[in-house]
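> Submitted below is the structure of interest, expressed as structure tokens.
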Amino acid sequence: MRDAYYRRVQLWAAGFYRTAGLHWDAERMQGEPFKYFAYGAAVAEVEVDGFTGAYRLRRADIVHDVGDSLSPLVDLGQVEGGFVQGVGWLTLEELLWDETGGEHRGRLNTQAASTYKIPSFSEMPPVFNVHLFERATESGAVYGSKAVGEPPLMEAFSVREALRQAVAEFGPAAWSVDLGCPSTPEAVYWAVQAARDAARVEHPAPAYAGV
């Protein structure tokens, strides 16, 4: 390696693959611009403390399409990891900007894992079921498989929607919850308060005359 370095001999190779069969007609809006799509479905169960906004993810059930899996254990780990990363993105990783003024005004204060909360073992649901979709061979792909990595991240929306549904229970019927992302315990707390206020307006407490 040392001799190759000094003689300027390249020791690696590079290549580029072009997926065959892809085409798209922009005028007719027809074609096949991608080789395949990856699909998944997830259901999450959460528990919300109506007094503090704190919550726990109690259970997650996921079915994910990886085609014919080349390595089920690796794919299961990818789905689990992507899902938990998505939970962090949607519930924990809040962007905070410097508003104190001066030369640092507008600087992102939460720019690294040392300055914001990332998912840990405590955020993992006690019941965590992941199932790889069966009989899902993808023609034209390597051994009928599909790549798995980022797609499971989107399944974490089940957690955020479970939080919205839980908060809605504190409000009147058909209450539309305004809960942004990340849905931190603080954000959940204020959403619960808004739901309770709406419930009081719709069903005010009866007034009793003093005796």
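Residue numbers start at 1 in each chain; chains themselves are named A, B, ... in the order of the structure tokens; ligands are numbered from 1 in the order shown.
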Using backbone DSSP assignments, extract all helix (DSSP H, G or I) residues from stretch 17-154 of chain A; output them as a ChimeraX atom specification.
/A:72-91,102-104,121-123,142-144,151-154
> I need the chosen residues saved as a PDB file, in the first residue's frame, with C-alpha atoms.

ATOM      1  CA  PRO A  72     -34.440 -11.606   8.103  1.00  0.00           C
ATOM      2  CA  LEU A  73     -32.500 -10.758  11.272  1.00  0.00           C
ATOM      3  CA  VAL A  74     -30.778  -7.814   9.593  1.00  0.00           C
ATOM      4  CA  ASP A  75     -34.053  -6.584   8.113  1.00  0.00           C
ATOM      5  CA  LEU A  76     -35.837  -6.877  11.461  1.00  0.00           C
ATOM      6  CA  GLY A  77     -33.091  -4.823  13.067  1.00  0.00           C
ATOM      7  CA  GLN A  78     -33.353  -2.219  10.317  1.00  0.00           C
ATOM      8  CA  VAL A  79     -37.111  -1.915  10.782  1.00  0.00           C
ATOM      9  CA  GLU A  80     -36.793  -1.628  14.555  1.00  0.00           C
ATOM     10  CA  GLY A  81     -33.992   0.919  14.315  1.00  0.00           C
ATOM     11  CA  GLY A  82     -35.723   3.011  11.669  1.00  0.00           C
ATOM     12  CA  PHE A  83     -38.942   3.049  13.690  1.00  0.00           C
ATOM     13  CA  VAL A  84     -37.218   4.146  16.906  1.00  0.00           C
ATOM     14  CA  GLN A  85     -35.288   6.817  15.001  1.00  0.00           C
ATOM     15  CA  GLY A  86     -38.610   8.073  13.654  1.00  0.00           C
ATOM     16  CA  VAL A  87     -40.065   8.157  17.176  1.00  0.00           C
ATOM     17  CA  GLY A  88     -37.181  10.400  18.198  1.00  0.00           C
ATOM     18  CA  TRP A  89     -37.694  12.633  15.192  1.00  0.00           C
ATOM     19  CA  LEU A  90     -41.419  13.060  15.875  1.00  0.00           C
ATOM     20  CA  THR A  91     -41.453  13.256  19.678  1.00  0.00           C
ATOM     21  CA  GLY A 102     -25.644  39.394  19.470  1.00  0.00           C
ATOM     22  CA  GLU A 103     -23.442  37.498  17.063  1.00  0.00           C
ATOM     23  CA  HIS A 104     -24.949  34.121  17.973  1.00  0.00           C
ATOM     24  CA  PHE A 121     -33.683   2.072  25.653  1.00  0.00           C
ATOM     25  CA  SER A 122     -36.303   3.668  27.901  1.00  0.00           C
ATOM     26  CA  GLU A 123     -38.225   4.854  24.828  1.00  0.00           C
ATOM     27  CA  VAL A 142     -31.714  -8.918  -6.401  1.00  0.00           C
ATOM     28  CA  TYR A 143     -33.149 -12.272  -5.296  1.00  0.00           C
ATOM     29  CA  GLY A 144     -36.594 -10.664  -5.088  1.00  0.00           C
ATOM     30  CA  PRO A 151     -38.782   3.587   4.945  1.00  0.00           C
ATOM     31  CA  PRO A 152     -39.570   2.216   8.462  1.00  0.00           C
ATOM     32  CA  LEU A 153     -38.868   5.679   9.889  1.00  0.00           C
ATOM     33  CA  MET A 154     -42.228   6.822   8.511  1.00  0.00           C
TER      34      MET A 154
END
> So that I can see what lies close to A:Glu94, please list as a PyMOL selection string the residues with an atom at most 12 Å from it, counting only C-alpha atoms and leaving out residues fewer than 3 positions away in the same chain.
chain A and resi 88-91+97+108-113+115-118+180-187
> Kindly save the residues from that selection, with C-alpha atoms included, as a CSV table (one decimal), in the first residue's frame.

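Final output, selection_2.csv:
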chain,number,residue,atom,x,y,z
A,88,GLY,CA,-37.2,10.4,18.2
A,89,TRP,CA,-37.7,12.6,15.2
A,90,LEU,CA,-41.4,13.1,15.9
A,91,THR,CA,-41.5,13.3,19.7
A,97,TRP,CA,-32.6,28.6,18.2
A,108,LEU,CA,-29.1,26.4,16.2
A,109,ASN,CA,-28.5,25.4,19.9
A,110,THR,CA,-29.6,21.8,19.4
A,111,GLN,CA,-27.1,20.9,16.7
A,112,ALA,CA,-25.8,17.6,18.1
A,113,ALA,CA,-26.8,14.6,20.1
A,115,THR,CA,-27.7,19.1,23.1
A,116,TYR,CA,-31.0,17.3,22.5
A,117,LYS,CA,-32.7,14.1,23.6
A,118,ILE,CA,-32.4,11.1,21.4
A,180,GLY,CA,-47.1,19.7,16.3
A,181,CYS,CA,-43.9,17.9,15.9
A,182,PRO,CA,-41.9,17.1,17.8
A,183,SER,CA,-44.7,16.1,20.1
A,184,THR,CA,-42.7,16.6,23.3
A,185,PRO,CA,-44.3,16.1,26.8
A,186,GLU,CA,-44.6,19.9,27.0
A,187,ALA,CA,-46.4,20.0,23.7
> Could you give me, as an MDAnalysis selection string, the residues within 9 Å of A:Met124, counting only C-alpha atoms and dropping anything in the same chain fewer than 6 positions from it?
chainID A and resid 57:59 84
> Just the residues within 7 Å of stretch 44-55 of chain A, please, counting only C-alpha atoms, with nothing from its chain fewer than 3 positions along; format it as a VMD selection string.
chain A and resid 58 to 61 158 to 159 162 to 163 166 185 to 186 188 to 189 192
> Tell me which protein, DNA and RNA residues are within 9 Å of A:Ala198, counting only C-alpha atoms, leaving out same-chain ones fewer than 5 positions away, and put them as a list of chain:residue names.
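Surrounding residues, per the criterion: A:Gly171, A:Pro172, A:Trp175, A:Gln193, A:His203.
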> Restricting the calculation to only C-alpha atoms, which member of A:Glu134, A:Glu150, A:Glu99, A:Asp178 is positioned closest to A:Arg164?
A:Asp178
> Could you list, with a cut-off of 7 Å and counting only C-alpha atoms, the residues of stretch 146-173 of chain A near stretch 63-69 of chain A, each shown with its nearest atom pair and the distance in Å rounded to one decimal, rows sorted by chain and ascending number, as CSV?

residue,atom,partner,partner_atom,distance
A:Lys146,CA,A:Val66,CA,4.7
A:Ala147,CA,A:Val66,CA,6.5
A:Val148,CA,A:Val66,CA,6.3
> Taking into account only C-alpha atoms, which residue in the set A:Asp197, A:Ile62, A:Trp190, A:Ser114 is nearest to A:Leu132?
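The closest residue to A:Leu132 is A:Ile62.
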> Rounded to one decimal, what separation in Å do you get between atom CA of A:Arg56 and atom CA of A:Glu202?
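One can read the atom CA of A:Arg56 to atom CA of A:Glu202 distance as 29.2 Å.
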> Which of these, A:Gln30, A:Thr19, A:Ser176, A:Gln165, has the shortest distance to A:Ala141 once you count only C-alpha atoms?
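Looking at the shortest contact to A:Ala141, the residue is A:Thr19.
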